[in-house]
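Enquirer: Okay, so here is coords-v5.tsv, and as you'll see once you scroll down, it has TSV, N, CA and C atoms.
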```tsv
chain	number	residue	atom	x	y	z
A	1425	MET	N	102.44	121.73	106.18
A	1425	MET	CA	102.27	120.48	106.91
A	1425	MET	C	101.70	119.44	105.97
A	1426	LEU	N	102.43	118.36	105.75
A	1426	LEU	CA	101.96	117.25	104.91
A	1426	LEU	C	101.21	116.23	105.76
A	1427	VAL	N	100.15	115.67	105.18
A	1427	VAL	CA	99.38	114.62	105.83
A	1427	VAL	C	99.08	113.51	104.82
A	1428	ARG	N	98.78	112.34	105.36
A	1428	ARG	CA	98.32	111.21	104.54
A	1428	ARG	C	97.00	110.74	105.13
A	1429	LEU	N	96.02	110.56	104.27
A	1429	LEU	CA	94.71	110.10	104.68
A	1429	LEU	C	94.40	108.81	103.90
A	1430	LEU	N	93.90	107.83	104.60
A	1430	LEU	CA	93.54	106.56	103.99
A	1430	LEU	C	92.06	106.31	104.28
A	1431	TYR	N	91.29	106.01	103.23
A	1431	TYR	CA	89.87	105.74	103.42
A	1431	TYR	C	89.43	104.58	102.54
A	1432	ALA	N	88.27	104.04	102.86
A	1432	ALA	CA	87.63	103.03	102.04
A	1432	ALA	C	86.22	103.52	101.72
A	1433	SER	N	85.72	103.10	100.57
A	1433	SER	CA	84.34	103.40	100.20
A	1433	SER	C	83.86	102.32	99.24
A	1434	ARG	N	82.56	102.31	99.03
A	1434	ARG	CA	81.96	101.40	98.06
A	1434	ARG	C	81.50	102.22	96.86
A	1435	ALA	N	81.71	101.67	95.67
A	1435	ALA	CA	81.28	102.34	94.45
A	1435	ALA	C	79.77	102.16	94.28
A	1436	VAL	N	79.10	103.25	93.95
A	1436	VAL	CA	77.67	103.18	93.66
A	1436	VAL	C	77.47	102.56	92.28
A	1437	ASP	N	78.28	102.99	91.32
A	1437	ASP	CA	78.25	102.46	89.95
A	1437	ASP	C	79.57	101.75	89.72
A	1438	THR	N	79.55	100.45	89.49
A	1438	THR	CA	80.78	99.67	89.34
A	1438	THR	C	81.18	99.46	87.88
A	1439	SER	N	80.56	100.18	86.96
A	1439	SER	CA	80.92	100.03	85.55
A	1439	SER	C	82.33	100.58	85.31
A	1440	ALA	N	82.98	100.05	84.30
A	1440	ALA	CA	84.33	100.51	83.95
A	1440	ALA	C	84.32	102.01	83.62
A	1441	GLU	N	83.27	102.46	82.99
A	1441	GLU	CA	83.17	103.88	82.62
A	1441	GLU	C	83.11	104.78	83.86
A	1442	ALA	N	82.35	104.35	84.85
A	1442	ALA	CA	82.23	105.15	86.08
A	1442	ALA	C	83.55	105.21	86.83
A	1443	ILE	N	84.25	104.08	86.91
A	1443	ILE	CA	85.55	104.05	87.60
A	1443	ILE	C	86.56	104.90	86.84
A	1444	ASP	N	86.57	104.78	85.52
A	1444	ASP	CA	87.47	105.61	84.70
A	1444	ASP	C	87.20	107.10	84.88
A	1445	ALA	N	85.92	107.47	85.01
A	1445	ALA	CA	85.57	108.88	85.20
A	1445	ALA	C	86.14	109.40	86.51
A	1446	ILE	N	86.12	108.60	87.55
A	1446	ILE	CA	86.70	109.00	88.84
A	1446	ILE	C	88.21	109.20	88.69
A	1447	LEU	N	88.86	108.29	87.98
A	1447	LEU	CA	90.32	108.40	87.78
A	1447	LEU	C	90.68	109.63	86.96
A	1448	VAL	N	89.93	109.87	85.90
A	1448	VAL	CA	90.21	111.03	85.05
A	1448	VAL	C	90.07	112.32	85.86
A	1449	GLN	N	89.00	112.41	86.64
A	1449	GLN	CA	88.78	113.60	87.46
A	1449	GLN	C	89.92	113.76	88.47
A	1450	SER	N	90.35	112.66	89.10
A	1450	SER	CA	91.44	112.72	90.08
A	1450	SER	C	92.73	113.20	89.44
A	1451	ARG	N	93.02	112.66	88.29
A	1451	ARG	CA	94.29	113.00	87.63
A	1451	ARG	C	94.32	114.42	87.11
A	1452	LEU	N	93.15	115.00	86.84
A	1452	LEU	CA	93.10	116.40	86.42
A	1452	LEU	C	93.13	117.35	87.62
A	1453	HIS	N	92.40	117.02	88.66
A	1453	HIS	CA	92.23	117.90	89.81
A	1453	HIS	C	93.39	117.84	90.79
A	1454	ASN	N	93.89	116.64	91.10
A	1454	ASN	CA	94.87	116.47	92.17
A	1454	ASN	C	96.16	117.26	91.99
A	1455	PRO	N	96.77	117.29	90.80
A	1455	PRO	CA	98.02	118.05	90.67
A	1455	PRO	C	97.84	119.54	90.96
A	1456	LEU	N	96.69	120.08	90.62
A	1456	LEU	CA	96.44	121.50	90.88
A	1456	LEU	C	96.39	121.81	92.36
A	1457	CYS	N	96.04	120.82	93.17
A	1457	CYS	CA	95.92	121.00	94.62
A	1457	CYS	C	97.11	120.45	95.38
A	1458	GLY	N	98.10	119.92	94.67
A	1458	GLY	CA	99.26	119.34	95.35
A	1458	GLY	C	98.98	117.99	95.98
A	1459	ILE	N	97.98	117.29	95.45
A	1459	ILE	CA	97.58	115.99	95.99
A	1459	ILE	C	98.25	114.87	95.19
A	1460	THR	N	98.81	113.90	95.90
A	1460	THR	CA	99.31	112.67	95.29
A	1460	THR	C	98.62	111.50	95.99
A	1461	GLY	N	98.70	110.32	95.39
A	1461	GLY	CA	98.06	109.19	96.04
A	1461	GLY	C	97.96	107.96	95.19
A	1462	ILE	N	97.23	107.01	95.71
A	1462	ILE	CA	97.05	105.74	95.04
A	1462	ILE	C	95.63	105.25	95.33
A	1463	LEU	N	95.03	104.66	94.32
A	1463	LEU	CA	93.67	104.14	94.43
A	1463	LEU	C	93.68	102.67	94.09
A	1464	CYS	N	93.15	101.86	94.98
A	1464	CYS	CA	93.01	100.43	94.75
A	1464	CYS	C	91.51	100.16	94.64
A	1465	TYR	N	91.11	99.48	93.58
A	1465	TYR	CA	89.69	99.20	93.37
A	1465	TYR	C	89.50	97.73	93.05
A	1466	GLY	N	88.52	97.14	93.67
A	1466	GLY	CA	88.19	95.75	93.35
A	1466	GLY	C	86.95	95.32	94.10
A	1467	GLY	N	86.13	94.54	93.46
A	1467	GLY	CA	84.94	94.02	94.10
A	1467	GLY	C	83.99	95.10	94.57
A	1468	GLY	N	83.98	96.24	93.87
A	1468	GLY	CA	83.10	97.34	94.24
A	1468	GLY	C	83.61	98.20	95.37
A	1469	ILE	N	84.85	97.97	95.82
A	1469	ILE	CA	85.42	98.70	96.95
A	1469	ILE	C	86.62	99.52	96.50
A	1470	PHE	N	86.67	100.77	96.99
A	1470	PHE	CA	87.82	101.63	96.81
A	1470	PHE	C	88.63	101.63	98.10
A	1471	LEU	N	89.94	101.58	97.95
A	1471	LEU	CA	90.87	101.83	99.05
A	1471	LEU	C	91.82	102.88	98.51
A	1472	GLN	N	91.84	104.05	99.13
A	1472	GLN	CA	92.64	105.14	98.58
A	1472	GLN	C	93.45	105.83	99.65
A	1473	ALA	N	94.70	106.11	99.31
A	1473	ALA	CA	95.57	106.95	100.13
A	1473	ALA	C	95.77	108.26	99.38
A	1474	ILE	N	95.56	109.37	100.08
A	1474	ILE	CA	95.82	110.68	99.48
A	1474	ILE	C	96.77	111.44	100.39
A	1475	GLU	N	97.70	112.16	99.75
A	1475	GLU	CA	98.73	112.91	100.48
A	1475	GLU	C	98.77	114.34	99.97
A	1476	GLY	N	99.13	115.23	100.85
A	1476	GLY	CA	99.27	116.63	100.46
A	1476	GLY	C	99.18	117.52	101.68
A	1477	GLY	N	98.95	118.80	101.43
A	1477	GLY	CA	98.77	119.74	102.52
A	1477	GLY	C	97.50	119.43	103.30
A	1478	ARG	N	97.53	119.76	104.58
A	1478	ARG	CA	96.40	119.42	105.46
A	1478	ARG	C	95.07	119.94	104.92
A	1479	MET	N	95.01	121.19	104.51
A	1479	MET	CA	93.75	121.76	104.04
A	1479	MET	C	93.30	121.11	102.73
A	1480	ALA	N	94.23	120.88	101.81
A	1480	ALA	CA	93.88	120.28	100.52
A	1480	ALA	C	93.35	118.87	100.70
A	1481	VAL	N	94.00	118.09	101.56
A	1481	VAL	CA	93.55	116.71	101.81
A	1481	VAL	C	92.20	116.71	102.51
A	1482	SER	N	92.02	117.60	103.48
A	1482	SER	CA	90.74	117.68	104.19
A	1482	SER	C	89.60	118.06	103.25
A	1483	GLU	N	89.86	119.03	102.37
A	1483	GLU	CA	88.83	119.44	101.41
A	1483	GLU	C	88.49	118.31	100.44
A	1484	LEU	N	89.51	117.60	99.97
A	1484	LEU	CA	89.26	116.50	99.05
A	1484	LEU	C	88.47	115.39	99.73
A	1485	TYR	N	88.83	115.06	100.96
A	1485	TYR	CA	88.10	114.01	101.67
A	1485	TYR	C	86.64	114.42	101.91
A	1486	GLY	N	86.42	115.67	102.23
A	1486	GLY	CA	85.06	116.17	102.38
A	1486	GLY	C	84.26	116.03	101.09
A	1487	HIS	N	84.92	116.33	99.97
A	1487	HIS	CA	84.27	116.17	98.66
A	1487	HIS	C	83.92	114.70	98.40
A	1488	ILE	N	84.84	113.81	98.72
A	1488	ILE	CA	84.61	112.37	98.51
A	1488	ILE	C	83.42	111.90	99.36
A	1489	GLN	N	83.34	112.38	100.59
A	1489	GLN	CA	82.23	111.99	101.46
A	1489	GLN	C	80.87	112.42	100.90
A	1490	ARG	N	80.85	113.54	100.18
A	1490	ARG	CA	79.61	114.05	99.61
A	1490	ARG	C	79.36	113.56	98.18
A	1491	ASP	N	80.35	112.93	97.56
A	1491	ASP	CA	80.27	112.48	96.17
A	1491	ASP	C	79.25	111.35	96.05
A	1492	PRO	N	78.23	111.51	95.23
A	1492	PRO	CA	77.21	110.47	95.10
A	1492	PRO	C	77.73	109.18	94.45
A	1493	ARG	N	78.94	109.20	93.93
A	1493	ARG	CA	79.52	107.98	93.34
A	1493	ARG	C	80.10	107.06	94.40
A	1494	HIS	N	80.22	107.56	95.64
A	1494	HIS	CA	80.75	106.78	96.76
A	1494	HIS	C	79.67	106.59	97.82
A	1495	LYS	N	79.71	105.45	98.49
A	1495	LYS	CA	78.87	105.25	99.68
A	1495	LYS	C	79.71	104.50	100.71
A	1496	ASP	N	79.25	104.50	101.94
A	1496	ASP	CA	79.96	103.82	103.04
A	1496	ASP	C	81.41	104.30	103.16
A	1497	VAL	N	81.62	105.60	103.06
A	1497	VAL	CA	82.97	106.17	103.16
A	1497	VAL	C	83.43	106.09	104.62
A	1498	VAL	N	84.59	105.46	104.84
A	1498	VAL	CA	85.12	105.25	106.19
A	1498	VAL	C	86.58	105.69	106.23
A	1499	LEU	N	86.90	106.52	107.20
A	1499	LEU	CA	88.29	106.94	107.43
A	1499	LEU	C	89.03	105.80	108.11
A	1500	LEU	N	90.11	105.34	107.50
A	1500	LEU	CA	90.89	104.23	108.06
A	1500	LEU	C	92.14	104.71	108.80
A	1501	ASP	N	92.75	105.79	108.32
A	1501	ASP	CA	93.98	106.28	108.94
A	1501	ASP	C	94.21	107.72	108.50
A	1502	TYR	N	94.78	108.51	109.39
A	1502	TYR	CA	95.14	109.89	109.10
A	1502	TYR	C	96.38	110.19	109.91
A	1503	GLU	N	97.41	110.73	109.25
A	1503	GLU	CA	98.62	111.04	110.00
A	1503	GLU	C	99.39	112.18	109.35
A	1504	GLU	N	100.10	112.91	110.20
A	1504	GLU	CA	101.05	113.90	109.71
A	1504	GLU	C	102.28	113.14	109.25
A	1505	ILE	N	102.85	113.56	108.12
A	1505	ILE	CA	103.99	112.84	107.55
A	1505	ILE	C	105.13	113.81	107.26
A	1506	ALA	N	106.34	113.28	107.31
A	1506	ALA	CA	107.53	114.08	107.00
A	1506	ALA	C	107.78	114.13	105.50
A	1507	GLU	N	107.35	113.07	104.80
A	1507	GLU	CA	107.53	113.02	103.35
A	1507	GLU	C	106.44	112.16	102.73
A	1508	ARG	N	106.22	112.37	101.45
A	1508	ARG	CA	105.20	111.62	100.73
A	1508	ARG	C	105.69	110.22	100.40
A	1509	ARG	N	104.82	109.27	100.50
A	1509	ARG	CA	105.12	107.90	100.10
A	1509	ARG	C	104.74	107.70	98.62
A	1510	PHE	N	103.75	108.46	98.15
A	1510	PHE	CA	103.25	108.33	96.78
A	1510	PHE	C	103.49	109.62	96.00
A	1511	GLY	N	104.63	110.26	96.25
A	1511	GLY	CA	104.94	111.56	95.66
A	1511	GLY	C	105.02	111.57	94.15
A	1512	GLY	N	105.35	110.46	93.53
A	1512	GLY	CA	105.45	110.41	92.07
A	1512	GLY	C	104.16	110.05	91.38
A	1513	TRP	N	103.06	110.03	92.14
A	1513	TRP	CA	101.79	109.58	91.59
A	1513	TRP	C	100.73	110.65	91.76
A	1514	THR	N	100.07	111.07	90.66
A	1514	THR	CA	98.90	111.92	90.83
A	1514	THR	C	97.72	111.05	91.22
A	1515	MET	N	97.68	109.83	90.71
A	1515	MET	CA	96.70	108.83	91.15
A	1515	MET	C	97.01	107.51	90.46
A	1516	GLY	N	97.83	106.68	91.10
A	1516	GLY	CA	98.10	105.35	90.59
A	1516	GLY	C	96.93	104.45	90.90
A	1517	THR	N	96.75	103.40	90.10
A	1517	THR	CA	95.64	102.47	90.33
A	1517	THR	C	96.14	101.03	90.32
A	1518	VAL	N	95.39	100.18	90.97
A	1518	VAL	CA	95.72	98.76	91.03
A	1518	VAL	C	94.59	97.99	90.36
A	1519	ASN	N	94.95	97.13	89.42
A	1519	ASN	CA	93.96	96.26	88.78
A	1519	ASN	C	93.96	94.93	89.54
A	1520	LEU	N	92.98	94.75	90.42
A	1520	LEU	CA	92.95	93.55	91.25
A	1520	LEU	C	92.67	92.28	90.45
A	1521	LEU	N	92.12	92.42	89.25
A	1521	LEU	CA	91.85	91.24	88.43
A	1521	LEU	C	93.14	90.58	87.96
A	1522	LYS	N	94.22	91.35	87.89
A	1522	LYS	CA	95.51	90.82	87.42
A	1522	LYS	C	96.49	90.59	88.57
A	1523	LEU	N	95.98	90.63	89.78
A	1523	LEU	CA	96.83	90.54	90.96
A	1523	LEU	C	96.94	89.12	91.47
A	1524	ASN	N	98.11	88.76	91.96
A	1524	ASN	CA	98.31	87.49	92.64
A	1524	ASN	C	97.56	87.57	93.97
A	1525	HIS	N	96.54	86.73	94.12
A	1525	HIS	CA	95.68	86.82	95.30
A	1525	HIS	C	96.40	86.48	96.61
A	1526	SER	N	97.58	85.90	96.53
A	1526	SER	CA	98.32	85.63	97.77
A	1526	SER	C	98.72	86.93	98.46
A	1527	ILE	N	98.86	88.02	97.70
A	1527	ILE	CA	99.18	89.32	98.32
A	1527	ILE	C	98.01	89.78	99.17
A	1528	LEU	N	96.80	89.65	98.64
A	1528	LEU	CA	95.62	90.02	99.42
A	1528	LEU	C	95.46	89.13	100.65
A	1529	LEU	N	95.71	87.85	100.47
A	1529	LEU	CA	95.57	86.90	101.56
A	1529	LEU	C	96.57	87.17	102.68
A	1530	LYS	N	97.71	87.72	102.33
A	1530	LYS	CA	98.73	88.06	103.32
A	1530	LYS	C	98.20	89.08	104.34
A	1531	TYR	N	97.28	89.95	103.89
A	1531	TYR	CA	96.81	91.04	104.73
A	1531	TYR	C	95.35	90.91	105.18
A	1532	SER	N	94.67	89.84	104.81
A	1532	SER	CA	93.27	89.72	105.19
A	1532	SER	C	92.86	88.26	105.35
A	1533	GLU	N	91.67	88.05	105.87
A	1533	GLU	CA	91.17	86.70	106.13
A	1533	GLU	C	90.91	85.93	104.84
A	1534	LYS	N	90.49	86.64	103.79
A	1534	LYS	CA	90.21	86.02	102.50
A	1534	LYS	C	91.00	86.75	101.42
A	1535	ALA	N	91.16	86.11	100.29
A	1535	ALA	CA	91.91	86.70	99.18
A	1535	ALA	C	91.04	87.68	98.41
A	1536	GLU	N	90.54	88.69	99.12
A	1536	GLU	CA	89.73	89.73	98.49
A	1536	GLU	C	89.99	91.05	99.19
A	1537	LEU	N	89.75	92.12	98.49
A	1537	LEU	CA	89.95	93.44	99.06
A	1537	LEU	C	88.81	93.75	100.03
A	1538	ASP	N	89.14	93.87	101.31
A	1538	ASP	CA	88.13	94.21	102.32
A	1538	ASP	C	88.74	95.08	103.41
A	1539	PRO	N	88.99	96.37	103.09
A	1539	PRO	CA	89.58	97.25	104.09
A	1539	PRO	C	88.65	97.52	105.28
A	1540	TYR	N	87.38	97.19	105.14
A	1540	TYR	CA	86.44	97.40	106.25
A	1540	TYR	C	86.72	96.45	107.42
A	1541	SER	N	87.41	95.35	107.15
A	1541	SER	CA	87.70	94.40	108.22
A	1541	SER	C	89.18	94.38	108.61
A	1542	ALA	N	89.93	95.38	108.17
A	1542	ALA	CA	91.35	95.47	108.50
A	1542	ALA	C	91.65	96.84	109.11
A	1543	SER	N	92.74	96.93	109.82
A	1543	SER	CA	93.14	98.22	110.38
A	1543	SER	C	93.68	99.12	109.26
A	1544	GLY	N	93.73	100.40	109.56
A	1544	GLY	CA	94.30	101.34	108.61
A	1544	GLY	C	95.76	101.05	108.31
A	1545	LYS	N	96.51	100.66	109.33
A	1545	LYS	CA	97.93	100.35	109.14
A	1545	LYS	C	98.11	99.14	108.23
A	1546	VAL	N	97.26	98.13	108.39
A	1546	VAL	CA	97.33	96.94	107.54
A	1546	VAL	C	96.96	97.31	106.10
A	1547	SER	N	95.95	98.14	105.93
A	1547	SER	CA	95.54	98.56	104.59
A	1547	SER	C	96.65	99.37	103.91
A	1548	LEU	N	97.32	100.22	104.66
A	1548	LEU	CA	98.43	100.99	104.10
A	1548	LEU	C	99.58	100.06	103.73
A	1549	ALA	N	99.86	99.06	104.55
A	1549	ALA	CA	100.91	98.09	104.24
A	1549	ALA	C	100.58	97.34	102.94
A	1550	LEU	N	99.30	97.01	102.75
A	1550	LEU	CA	98.88	96.37	101.50
A	1550	LEU	C	99.17	97.28	100.31
A	1551	LEU	N	98.80	98.55	100.40
A	1551	LEU	CA	99.07	99.48	99.30
A	1551	LEU	C	100.56	99.60	99.02
A	1552	GLU	N	101.36	99.64	100.07
A	1552	GLU	CA	102.81	99.76	99.89
A	1552	GLU	C	103.38	98.50	99.22
A	1553	GLU	N	102.87	97.33	99.58
A	1553	GLU	CA	103.34	96.11	98.92
A	1553	GLU	C	102.90	96.07	97.46
A	1554	LEU	N	101.70	96.51	97.19
A	1554	LEU	CA	101.24	96.56	95.80
A	1554	LEU	C	102.13	97.49	94.98
A	1555	MET	N	102.54	98.59	95.58
A	1555	MET	CA	103.43	99.51	94.89
A	1555	MET	C	104.81	98.87	94.68
A	1556	ALA	N	105.31	98.19	95.69
A	1556	ALA	CA	106.64	97.56	95.61
A	1556	ALA	C	106.69	96.42	94.61
A	1557	THR	N	105.56	95.74	94.41
A	1557	THR	CA	105.52	94.60	93.48
A	1557	THR	C	105.07	95.02	92.09
A	1558	ALA	N	105.00	96.32	91.84
A	1558	ALA	CA	104.62	96.85	90.52
A	1558	ALA	C	103.24	96.42	90.09
A	1559	ALA	N	102.35	96.23	91.05
A	1559	ALA	CA	100.97	95.87	90.73
A	1559	ALA	C	100.15	97.12	90.39
A	1560	ILE	N	100.77	98.28	90.52
A	1560	ILE	CA	100.06	99.53	90.31
A	1560	ILE	C	100.29	100.03	88.89
A	1561	ILE	N	99.20	100.49	88.28
A	1561	ILE	CA	99.28	101.03	86.92
A	1561	ILE	C	98.83	102.48	86.93
A	1562	GLY	N	99.09	103.17	85.84
A	1562	GLY	CA	98.58	104.53	85.72
A	1562	GLY	C	99.28	105.53	86.59
A	1563	ARG	N	100.60	105.54	86.55
A	1563	ARG	CA	101.39	106.43	87.41
A	1563	ARG	C	101.07	107.90	87.18
A	1564	ALA	N	100.59	108.23	86.01
A	1564	ALA	CA	100.32	109.64	85.66
A	1564	ALA	C	99.42	110.32	86.65
```
What is this file in structure tokens?

Expert:
Amino acid sequence: MLVRLLYASRAVDTSAEAIDAILVQSRLHNPLCGITGILCYGGGIFLQAIEGGRMAVSELYGHIQRDPRHKDVVLLDYEEIAERRFGGWTMGTVNLLKLNHSILLKYSEKAELDPYSASGKVSLALLEELMATAAIIGRA
């Protein structure tokens, strides 16, 4: 059974090194567990979609909730899926500093990443548009 989980959290440490460490860990761990996904980071906020088997996704989300590098972890959406949307990605990332802010404005009140004030469906639509417009880097 495949599932997709979408969550938001705030970074405790917003340094480039801390964010890179999270990405490195994800890219090493996720393929072993059959996890694919995408991570959007900006303004101290993570928006992440993870896909895989129900148990693997649940275990990873539990780990994220306990991870001291994250705070204010909020589940935005969870659904059973017939196929992966981010199947070619162990963990793609979005560099919001290089993004056309009109994309963010399309999905929120201000041109900034704020999944806390949007629905899970809207946040997923934002991630899908970022993927479609090639705003995502780090496909590995």

Enquirer: Between A:Ala1556, A:Ala1506, A:Ala1542, A:Leu1463, which is the closest to Leu1426 (chain A) once you count all atoms listed in the file?

Expert: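 Going through A:Ala1556, A:Ala1506, A:Ala1542, A:Leu1463 one by one, the smallest distance to Leu1426 (chain A) is for A:Ala1506.
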
Enquirer: Just the number, please: distance in Å from atom C of Ser1526 (chain A) to atom C of Ala1549 (chain A), one decimal.

Expert: 11.5 Å

Enquirer: Identify the residues within 5 Å of coordinate (95.7, 109.5, 98.0) (same frame as the file), considering all atoms listed in the file, and give the answer as a list in words.

Expert: Thr1460, Gly1461, Ile1462, Gln1472, Ala1473, Ile1474 and Glu1475 of chain A

Enquirer: Taking only C-alpha atoms into account, which of A:Pro1539, A:Leu1551, A:Gly1458, A:Glu1504 comes nearest Leu1484 (chain A)?

Expert: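 Result for the nearest residue to Leu1484 (chain A): A:Gly1458.
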
Enquirer: One decimal, Å: what's the distance from CA of Ser1541 (chain A) over to atom C of Val1427 (chain A), could you say?

Expert: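 Separating CA of Ser1541 (chain A) from atom C of Val1427 (chain A) is a distance of 22.5 Å.
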
Enquirer: Give me, please, the distance in Å between CA of Ile1469 (chain A) and atom C of Gln1449 (chain A), quoted to one decimal.

Expert: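 A separation of 17.9 Å between them.
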
Enquirer: Within 12 Å of Thr1557 (chain A), counting only C-alpha atoms, which residues show up once you throw out same-chain ones fewer than 6 positions away? Write them as a ChimeraX atom specification, please.

Expert: /A:1518,1523-1524,1527,1550-1551

Enquirer: When distances are computed from only N, CA and C atoms, which of A:Ile1446, A:Cys1457, A:Leu1554, A:Cys1464 shows the smallest separation from Ala1480 (chain A)?

Expert: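 Between A:Ile1446, A:Cys1457, A:Leu1554, A:Cys1464, the residue approaching Ala1480 (chain A) most closely is A:Cys1457.
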